[in-house]
file data_3.cif (mmCIF, N, CA and C atoms)
data_structure
loop_
_atom_site.label_atom_id
_atom_site.label_comp_id
_atom_site.auth_asym_id
_atom_site.auth_seq_id
_atom_site.Cartn_x
_atom_site.Cartn_y
_atom_site.Cartn_z
N MET H 3 35.64 -4.85 -209.32
CA MET H 3 35.20 -6.22 -209.52
C MET H 3 33.69 -6.32 -209.43
N VAL H 4 33.09 -5.50 -208.58
CA VAL H 4 31.64 -5.49 -208.45
C VAL H 4 31.10 -4.29 -209.21
N LYS H 5 30.13 -4.52 -210.08
CA LYS H 5 29.63 -3.45 -210.95
C LYS H 5 29.21 -2.20 -210.15
N GLN H 6 28.54 -2.38 -209.02
CA GLN H 6 28.07 -1.25 -208.22
C GLN H 6 29.22 -0.43 -207.65
N ASP H 7 30.36 -1.05 -207.46
CA ASP H 7 31.52 -0.36 -206.89
C ASP H 7 32.42 0.27 -207.94
N SER H 8 32.10 0.11 -209.21
CA SER H 8 33.04 0.46 -210.27
C SER H 8 32.95 1.89 -210.78
N ILE H 9 31.96 2.66 -210.39
CA ILE H 9 31.83 4.01 -210.93
C ILE H 9 33.08 4.86 -210.70
N PRO H 10 33.66 4.89 -209.49
CA PRO H 10 34.88 5.69 -209.32
C PRO H 10 35.99 5.29 -210.29
N LEU H 11 36.16 3.99 -210.53
CA LEU H 11 37.19 3.54 -211.46
C LEU H 11 36.89 3.99 -212.89
N LYS H 12 35.63 3.96 -213.26
CA LYS H 12 35.23 4.38 -214.61
C LYS H 12 35.46 5.87 -214.83
N LEU H 13 35.48 6.64 -213.76
CA LEU H 13 35.64 8.10 -213.85
C LEU H 13 37.10 8.55 -213.82
N LEU H 14 38.01 7.66 -213.49
CA LEU H 14 39.41 8.05 -213.29
C LEU H 14 40.01 8.81 -214.47
N GLY H 15 39.84 8.31 -215.67
CA GLY H 15 40.42 8.98 -216.84
C GLY H 15 39.92 10.40 -217.01
N ARG H 16 38.63 10.60 -216.84
CA ARG H 16 38.05 11.94 -216.97
C ARG H 16 38.47 12.84 -215.83
N LEU H 17 38.60 12.30 -214.63
CA LEU H 17 39.05 13.10 -213.49
C LEU H 17 40.51 13.52 -213.67
N ARG H 18 41.32 12.64 -214.21
CA ARG H 18 42.72 12.98 -214.46
C ARG H 18 42.83 14.14 -215.45
N LYS H 19 41.96 14.17 -216.44
CA LYS H 19 41.97 15.27 -217.42
C LYS H 19 41.48 16.57 -216.80
N LYS H 20 40.45 16.50 -215.95
CA LYS H 20 39.90 17.70 -215.33
C LYS H 20 40.81 18.27 -214.25
N PHE H 21 41.56 17.40 -213.59
CA PHE H 21 42.42 17.81 -212.47
C PHE H 21 43.84 17.27 -212.69
N PRO H 22 44.58 17.81 -213.67
CA PRO H 22 45.92 17.28 -213.95
C PRO H 22 46.91 17.48 -212.79
N GLN H 23 46.60 18.39 -211.87
CA GLN H 23 47.47 18.66 -210.73
C GLN H 23 47.33 17.60 -209.63
N ILE H 24 46.33 16.74 -209.76
CA ILE H 24 46.09 15.70 -208.75
C ILE H 24 46.52 14.35 -209.31
N GLU H 25 47.23 13.60 -208.49
CA GLU H 25 47.61 12.24 -208.89
C GLU H 25 46.53 11.28 -208.39
N PHE H 26 45.76 10.72 -209.31
CA PHE H 26 44.74 9.74 -208.98
C PHE H 26 45.34 8.35 -209.16
N ARG H 27 45.26 7.53 -208.09
CA ARG H 27 45.80 6.18 -208.15
C ARG H 27 44.76 5.18 -207.69
N GLU H 28 44.85 3.97 -208.23
CA GLU H 28 43.93 2.90 -207.84
C GLU H 28 44.54 2.10 -206.70
N PHE H 29 43.71 1.82 -205.68
CA PHE H 29 44.14 1.03 -204.55
C PHE H 29 43.05 0.09 -204.12
N ASP H 30 43.46 -1.05 -203.64
CA ASP H 30 42.58 -1.95 -202.93
C ASP H 30 42.53 -1.41 -201.49
N PRO H 31 41.39 -1.46 -200.81
CA PRO H 31 41.32 -0.89 -199.46
C PRO H 31 42.27 -1.53 -198.46
N ASN H 32 42.78 -2.69 -198.76
CA ASN H 32 43.69 -3.37 -197.84
C ASN H 32 45.14 -3.29 -198.29
N GLU H 33 45.44 -2.40 -199.23
CA GLU H 33 46.75 -2.32 -199.86
C GLU H 33 47.61 -1.21 -199.29
N ASN H 34 48.38 -1.44 -198.30
CA ASN H 34 49.44 -0.53 -197.85
C ASN H 34 49.08 0.95 -197.84
N LEU H 35 47.90 1.30 -197.41
CA LEU H 35 47.53 2.71 -197.34
C LEU H 35 48.39 3.47 -196.34
N GLU H 36 49.00 2.77 -195.40
CA GLU H 36 49.84 3.43 -194.40
C GLU H 36 51.06 4.09 -195.03
N ASN H 37 51.42 3.69 -196.24
CA ASN H 37 52.57 4.28 -196.93
C ASN H 37 52.20 5.51 -197.75
N GLU H 38 50.95 5.90 -197.73
CA GLU H 38 50.46 7.00 -198.57
C GLU H 38 50.37 8.33 -197.83
N GLY H 39 50.84 8.40 -196.62
CA GLY H 39 50.84 9.64 -195.85
C GLY H 39 49.76 9.64 -194.79
N LYS H 40 49.81 10.66 -193.95
CA LYS H 40 48.88 10.75 -192.81
C LYS H 40 47.57 11.44 -193.16
N GLU H 41 47.48 12.02 -194.34
CA GLU H 41 46.25 12.66 -194.81
C GLU H 41 45.88 12.02 -196.14
N LEU H 42 44.75 11.32 -196.17
CA LEU H 42 44.35 10.62 -197.39
C LEU H 42 43.14 11.28 -198.03
N ASN H 43 43.11 11.25 -199.34
CA ASN H 43 41.95 11.66 -200.13
C ASN H 43 41.55 10.44 -200.95
N ILE H 44 40.33 10.00 -200.77
CA ILE H 44 39.87 8.75 -201.36
C ILE H 44 38.55 8.98 -202.09
N ILE H 45 38.41 8.37 -203.26
CA ILE H 45 37.13 8.34 -203.96
C ILE H 45 36.66 6.90 -203.91
N ASP H 46 35.45 6.68 -203.39
CA ASP H 46 34.96 5.31 -203.23
C ASP H 46 33.46 5.27 -203.42
N ALA H 47 32.95 4.15 -203.86
CA ALA H 47 31.51 3.93 -203.96
C ALA H 47 30.97 3.71 -202.54
N VAL H 48 29.86 4.35 -202.24
CA VAL H 48 29.29 4.26 -200.90
C VAL H 48 27.81 3.87 -201.01
N GLU H 49 27.44 2.87 -200.27
CA GLU H 49 26.06 2.41 -200.25
C GLU H 49 25.22 3.29 -199.33
N GLY H 50 24.00 3.61 -199.76
CA GLY H 50 23.06 4.31 -198.90
C GLY H 50 23.09 5.82 -198.98
N ILE H 51 23.81 6.40 -199.94
CA ILE H 51 23.78 7.85 -200.11
C ILE H 51 23.14 8.17 -201.46
N GLU H 52 22.59 9.37 -201.57
CA GLU H 52 21.87 9.76 -202.78
C GLU H 52 22.68 10.67 -203.69
N LYS H 53 23.70 11.35 -203.13
CA LYS H 53 24.52 12.26 -203.92
C LYS H 53 25.97 12.12 -203.48
N VAL H 54 26.89 12.60 -204.31
CA VAL H 54 28.30 12.56 -203.95
C VAL H 54 28.48 13.35 -202.66
N THR H 55 29.15 12.74 -201.70
CA THR H 55 29.23 13.29 -200.35
C THR H 55 30.67 13.23 -199.84
N LEU H 56 31.09 14.28 -199.15
CA LEU H 56 32.40 14.30 -198.53
C LEU H 56 32.29 13.75 -197.11
N ILE H 57 33.06 12.72 -196.83
CA ILE H 57 33.06 12.09 -195.51
C ILE H 57 34.44 12.31 -194.89
N THR H 58 34.47 12.91 -193.71
CA THR H 58 35.75 13.16 -193.04
C THR H 58 35.86 12.48 -191.68
N ASP H 59 34.77 11.95 -191.17
CA ASP H 59 34.76 11.31 -189.86
C ASP H 59 34.84 9.79 -190.03
N ILE H 60 36.01 9.24 -189.78
CA ILE H 60 36.22 7.80 -189.93
C ILE H 60 35.26 7.01 -189.07
N ASP H 61 34.99 7.51 -187.87
CA ASP H 61 34.12 6.78 -186.95
C ASP H 61 32.67 6.73 -187.41
N SER H 62 32.30 7.58 -188.37
CA SER H 62 30.92 7.56 -188.86
C SER H 62 30.71 6.51 -189.95
N ILE H 63 31.78 5.89 -190.40
CA ILE H 63 31.67 4.87 -191.44
C ILE H 63 31.13 3.59 -190.82
N LYS H 64 30.01 3.13 -191.34
CA LYS H 64 29.40 1.91 -190.81
C LYS H 64 30.16 0.70 -191.32
N THR H 65 30.41 -0.21 -190.42
CA THR H 65 31.08 -1.46 -190.78
C THR H 65 30.21 -2.61 -190.31
N SER H 66 30.35 -3.73 -191.00
CA SER H 66 29.62 -4.92 -190.57
C SER H 66 30.57 -5.81 -189.79
N ARG H 67 30.05 -6.89 -189.30
CA ARG H 67 30.88 -7.79 -188.50
C ARG H 67 31.93 -8.47 -189.38
N LEU H 68 33.07 -8.71 -188.79
CA LEU H 68 34.13 -9.41 -189.49
C LEU H 68 33.98 -10.91 -189.28
N TYR H 69 33.85 -11.62 -190.38
CA TYR H 69 33.81 -13.08 -190.32
C TYR H 69 35.03 -13.68 -191.00
N SER H 70 35.58 -12.94 -191.96
CA SER H 70 36.79 -13.37 -192.65
C SER H 70 37.49 -12.12 -193.19
N MET H 71 38.65 -12.29 -193.79
CA MET H 71 39.37 -11.16 -194.36
C MET H 71 38.60 -10.53 -195.52
N HIS H 72 37.65 -11.25 -196.10
CA HIS H 72 36.83 -10.69 -197.18
C HIS H 72 35.94 -9.56 -196.64
N ASP H 73 35.67 -9.57 -195.34
CA ASP H 73 34.84 -8.54 -194.72
C ASP H 73 35.65 -7.32 -194.29
N PHE H 74 36.95 -7.40 -194.40
CA PHE H 74 37.84 -6.31 -193.99
C PHE H 74 37.87 -5.28 -195.12
N ASP H 75 37.12 -4.20 -194.96
CA ASP H 75 36.95 -3.24 -196.03
C ASP H 75 37.64 -1.92 -195.71
N LEU H 76 37.36 -0.90 -196.50
CA LEU H 76 37.99 0.40 -196.32
C LEU H 76 37.74 0.98 -194.93
N GLY H 77 36.53 0.86 -194.43
CA GLY H 77 36.21 1.38 -193.10
C GLY H 77 37.11 0.78 -192.02
N TYR H 78 37.27 -0.54 -192.07
CA TYR H 78 38.14 -1.20 -191.10
C TYR H 78 39.59 -0.79 -191.28
N SER H 79 40.03 -0.70 -192.54
CA SER H 79 41.42 -0.30 -192.81
C SER H 79 41.70 1.08 -192.24
N LEU H 80 40.79 2.03 -192.47
CA LEU H 80 40.99 3.40 -191.98
C LEU H 80 40.97 3.47 -190.46
N ARG H 81 40.07 2.75 -189.85
CA ARG H 81 40.02 2.74 -188.38
C ARG H 81 41.30 2.15 -187.79
N LEU H 82 41.81 1.10 -188.39
CA LEU H 82 43.05 0.49 -187.91
C LEU H 82 44.22 1.45 -188.09
N LEU H 83 44.32 2.10 -189.24
CA LEU H 83 45.41 3.05 -189.47
C LEU H 83 45.34 4.22 -188.48
N LYS H 84 44.13 4.68 -188.18
CA LYS H 84 43.97 5.76 -187.21
C LYS H 84 44.41 5.30 -185.83
N LYS H 85 44.00 4.11 -185.44
CA LYS H 85 44.34 3.58 -184.12
C LYS H 85 45.85 3.38 -183.97
N LEU H 86 46.52 3.00 -185.05
CA LEU H 86 47.96 2.78 -185.03
C LEU H 86 48.76 4.06 -185.26
N ASN H 87 48.04 5.19 -185.36
CA ASN H 87 48.63 6.51 -185.55
C ASN H 87 49.35 6.68 -186.90
N TYR H 88 48.88 5.94 -187.91
CA TYR H 88 49.39 6.12 -189.27
C TYR H 88 48.56 7.15 -190.04
N LEU H 89 47.47 7.58 -189.46
CA LEU H 89 46.53 8.43 -190.18
C LEU H 89 46.04 9.55 -189.28
N ASN H 90 46.15 10.78 -189.78
CA ASN H 90 45.61 11.93 -189.04
C ASN H 90 44.22 12.30 -189.52
N GLY H 91 44.02 12.22 -190.83
CA GLY H 91 42.73 12.61 -191.37
C GLY H 91 42.48 12.01 -192.73
N VAL H 92 41.23 12.04 -193.11
CA VAL H 92 40.84 11.47 -194.40
C VAL H 92 39.69 12.27 -194.98
N LYS H 93 39.70 12.38 -196.29
CA LYS H 93 38.57 12.92 -197.03
C LYS H 93 38.15 11.82 -197.99
N ILE H 94 36.94 11.32 -197.78
CA ILE H 94 36.40 10.31 -198.68
C ILE H 94 35.33 10.98 -199.53
N PHE H 95 35.55 10.99 -200.81
CA PHE H 95 34.55 11.51 -201.74
C PHE H 95 33.67 10.32 -202.09
N GLY H 96 32.56 10.21 -201.38
CA GLY H 96 31.67 9.07 -201.53
C GLY H 96 30.76 9.23 -202.73
N VAL H 97 30.78 8.25 -203.60
CA VAL H 97 29.95 8.24 -204.81
C VAL H 97 28.83 7.22 -204.60
N PRO H 98 27.58 7.64 -204.78
CA PRO H 98 26.47 6.68 -204.62
C PRO H 98 26.61 5.50 -205.57
N MET H 99 26.17 4.36 -205.13
CA MET H 99 26.25 3.17 -205.97
C MET H 99 25.23 3.22 -207.11
N LYS H 100 24.16 3.95 -206.89
CA LYS H 100 23.10 4.03 -207.90
C LYS H 100 23.04 5.44 -208.47
N ILE H 101 24.01 5.76 -209.32
CA ILE H 101 24.08 7.08 -209.94
C ILE H 101 24.67 6.87 -211.33
N THR H 102 24.28 7.71 -212.25
CA THR H 102 24.86 7.60 -213.59
C THR H 102 26.30 8.14 -213.57
N GLU H 103 27.10 7.67 -214.50
CA GLU H 103 28.48 8.15 -214.57
C GLU H 103 28.51 9.65 -214.81
N GLN H 104 27.64 10.13 -215.69
CA GLN H 104 27.62 11.57 -216.01
C GLN H 104 27.29 12.41 -214.78
N GLU H 105 26.28 11.99 -214.03
CA GLU H 105 25.90 12.75 -212.83
C GLU H 105 26.97 12.62 -211.74
N ALA H 106 27.56 11.45 -211.60
CA ALA H 106 28.63 11.27 -210.62
C ALA H 106 29.81 12.17 -210.95
N LEU H 107 30.17 12.24 -212.22
CA LEU H 107 31.29 13.09 -212.64
C LEU H 107 30.98 14.56 -212.36
N ARG H 108 29.78 14.99 -212.66
CA ARG H 108 29.39 16.38 -212.41
C ARG H 108 29.49 16.72 -210.93
N GLN H 109 28.90 15.89 -210.09
CA GLN H 109 28.91 16.16 -208.65
C GLN H 109 30.30 16.04 -208.06
N LEU H 110 31.05 15.05 -208.50
CA LEU H 110 32.40 14.82 -207.98
C LEU H 110 33.33 15.96 -208.37
N THR H 111 33.21 16.43 -209.60
CA THR H 111 34.01 17.55 -210.06
C THR H 111 33.76 18.79 -209.21
N ALA H 112 32.50 19.06 -208.92
CA ALA H 112 32.15 20.22 -208.10
C ALA H 112 32.71 20.09 -206.69
N LEU H 113 32.61 18.89 -206.11
CA LEU H 113 33.07 18.69 -204.74
C LEU H 113 34.60 18.74 -204.65
N ILE H 114 35.28 18.16 -205.62
CA ILE H 114 36.75 18.21 -205.62
C ILE H 114 37.20 19.67 -205.80
N SER H 115 36.58 20.39 -206.72
CA SER H 115 36.93 21.80 -206.93
C SER H 115 36.75 22.60 -205.66
N ALA H 116 35.64 22.39 -204.96
CA ALA H 116 35.37 23.11 -203.71
C ALA H 116 36.41 22.76 -202.64
N SER H 117 36.84 21.51 -202.60
CA SER H 117 37.81 21.10 -201.58
C SER H 117 39.21 21.64 -201.86
N LEU H 118 39.48 21.99 -203.11
CA LEU H 118 40.77 22.56 -203.47
C LEU H 118 40.85 24.04 -203.12
N SER H 119 39.70 24.67 -202.98
CA SER H 119 39.67 26.13 -202.72
C SER H 119 40.07 26.44 -201.30
#
call {"tool": "encode", "arguments": {"input": "data_3.cif", "output": "structure tokens"}}
result
Amino acid sequence: MVKQDSIPLKLLGRLRKKFPQIEFREFDPNENLENEGKELNIIDAVEGIEKVTLITDIDSIKTSRLYSMHDFDLGYSLRLLKKLNYLNGVKIFGVPMKITEQEALRQLTALISASLS
């Protein structure tokens, strides 16, 4: 919905072709992630990074104050799932908000390939 957050969605078709063995699905961060297993792999737009980055520490995700449910984002969802013991681990493939689609695809492809090895 927000242009800066849309790069991962724009890359889905190309990622599906490059990695046919992986099921890529679209989710809202507040959408029943607890039903997706205890180990999650997520591709998301991340503010404040310069290159595609693998994030595995949920507690390192910065969150802002909650004023309404609109402020309840992926970071809060993951922390809640961890606290409720629905989640053991997560790999977030963070895509910078200010990156070209071509460069994001190149970096993301390399990082996903490395994580599969």
call {"tool": "select_by_dssp", "arguments": {"input": "data_3.cif", "residues": "chain H", "states": "strand (DSSP E or B)", "output": "list in words"}}
result
Glu41, Leu42, Asn43, Ile44, Ile45, Asp46, Ala47, Val48, Thr55, Leu56, Ile57, Gly91, Val92, Lys93, Ile94, Phe95, Gly96, Val97 and Pro98 of chain H
call {"tool": "axis_aligned_box", "arguments": {"input": "data_3.cif", "around": "range 16-32 of chain H", "padding_each_side": "5 Å", "output": "AutoDock Vina command-line options"}}
result
--center_x 42.8 --center_y 7.6 --center_z -207.6 --size_x 19.6 --size_y 32.0 --size_z 29.6
call {"tool": "residues_around", "arguments": {"input": "data_3.cif", "residues": "range 60-63 of chain H", "least_positions_apart": "3", "cutoff": "9 Å", "atoms": "only C-alpha atoms", "output": "list in words"}}
result
Ile57, Gly77, Tyr78, Leu80, Arg81, Lys84, Gly91 and Val92 of chain H
call {"tool": "write_last_selection", "arguments": {"input": "data_3.cif", "atoms": "N, CA and C atoms", "output": "CSV table (one decimal), keeping the file's coordinate frame"}}
result
chain,number,residue,atom,x,y,z
H,57,ILE,N,33.1,12.7,-196.8
H,57,ILE,CA,33.1,12.1,-195.5
H,57,ILE,C,34.4,12.3,-194.9
H,77,GLY,N,36.5,0.9,-194.4
H,77,GLY,CA,36.2,1.4,-193.1
H,77,GLY,C,37.1,0.8,-192.0
H,78,TYR,N,37.3,-0.5,-192.1
H,78,TYR,CA,38.1,-1.2,-191.1
H,78,TYR,C,39.6,-0.8,-191.3
H,80,LEU,N,40.8,2.0,-192.5
H,80,LEU,CA,41.0,3.4,-192.0
H,80,LEU,C,41.0,3.5,-190.5
H,81,ARG,N,40.1,2.8,-189.8
H,81,ARG,CA,40.0,2.7,-188.4
H,81,ARG,C,41.3,2.2,-187.8
H,84,LYS,N,44.1,4.7,-188.2
H,84,LYS,CA,44.0,5.8,-187.2
H,84,LYS,C,44.4,5.3,-185.8
H,91,GLY,N,44.0,12.2,-190.8
H,91,GLY,CA,42.7,12.6,-191.4
H,91,GLY,C,42.5,12.0,-192.7
H,92,VAL,N,41.2,12.0,-193.1
H,92,VAL,CA,40.8,11.5,-194.4
H,92,VAL,C,39.7,12.3,-195.0
call {"tool": "residues_around", "arguments": {"input": "data_3.cif", "residues": "Glu36 in chain H", "least_positions_apart": "3", "cutoff": "6 Å", "atoms": "only N, CA and C atoms", "output": "MDAnalysis selection string"}}
result
chainID H and resid 33 39 88
call {"tool": "atom_distance", "arguments": {"input": "data_3.cif", "atom1": "CA of Leu56 in chain H", "atom2": "CA of Phe95 in chain H"}}
result
4.8 Å
call {"tool": "resolve_selection", "arguments": {"input": "data_3.cif", "expression": "the PyMOL selection byres ((chain H and resi 8-19) around 8)", "output": "list in words"}}
result
Met3, Val4, Lys5, Gln6, Asp7, Lys20, Phe21, Pro22, Gln23, Ile24, Glu25, Phe26, Arg27, Glu28, Ile45, Asp46, Ala47, Val97, Pro98, Met99, Ile101, Thr102, Glu103, Ala106, Leu107 and Thr111 of chain H
call {"tool": "select_by_dssp", "arguments": {"input": "data_3.cif", "residues": "range 12-110 of chain H", "states": "alpha helix (DSSP H)", "output": "PyMOL selection string"}}
result
chain H and resi 12-20+76-85+103-110
call {"tool": "resolve_selection", "arguments": {"input": "data_3.cif", "expression": "the PyMOL selection byres ((chain H and resi 42) around 7)", "output": "PyMOL selection string"}}
result
chain H and resi 38-41+43-44+89-94
call {"tool": "atom_distance", "arguments": {"input": "data_3.cif", "atom1": "atom N of Arg108 in chain H", "atom2": "atom N of Glu49 in chain H"}}
result
17.5 Å
call {"tool": "atom_distance", "arguments": {"input": "data_3.cif", "atom1": "CA of Glu52 in chain H", "atom2": "atom C of Ile114 in chain H"}}
result
18.5 Å
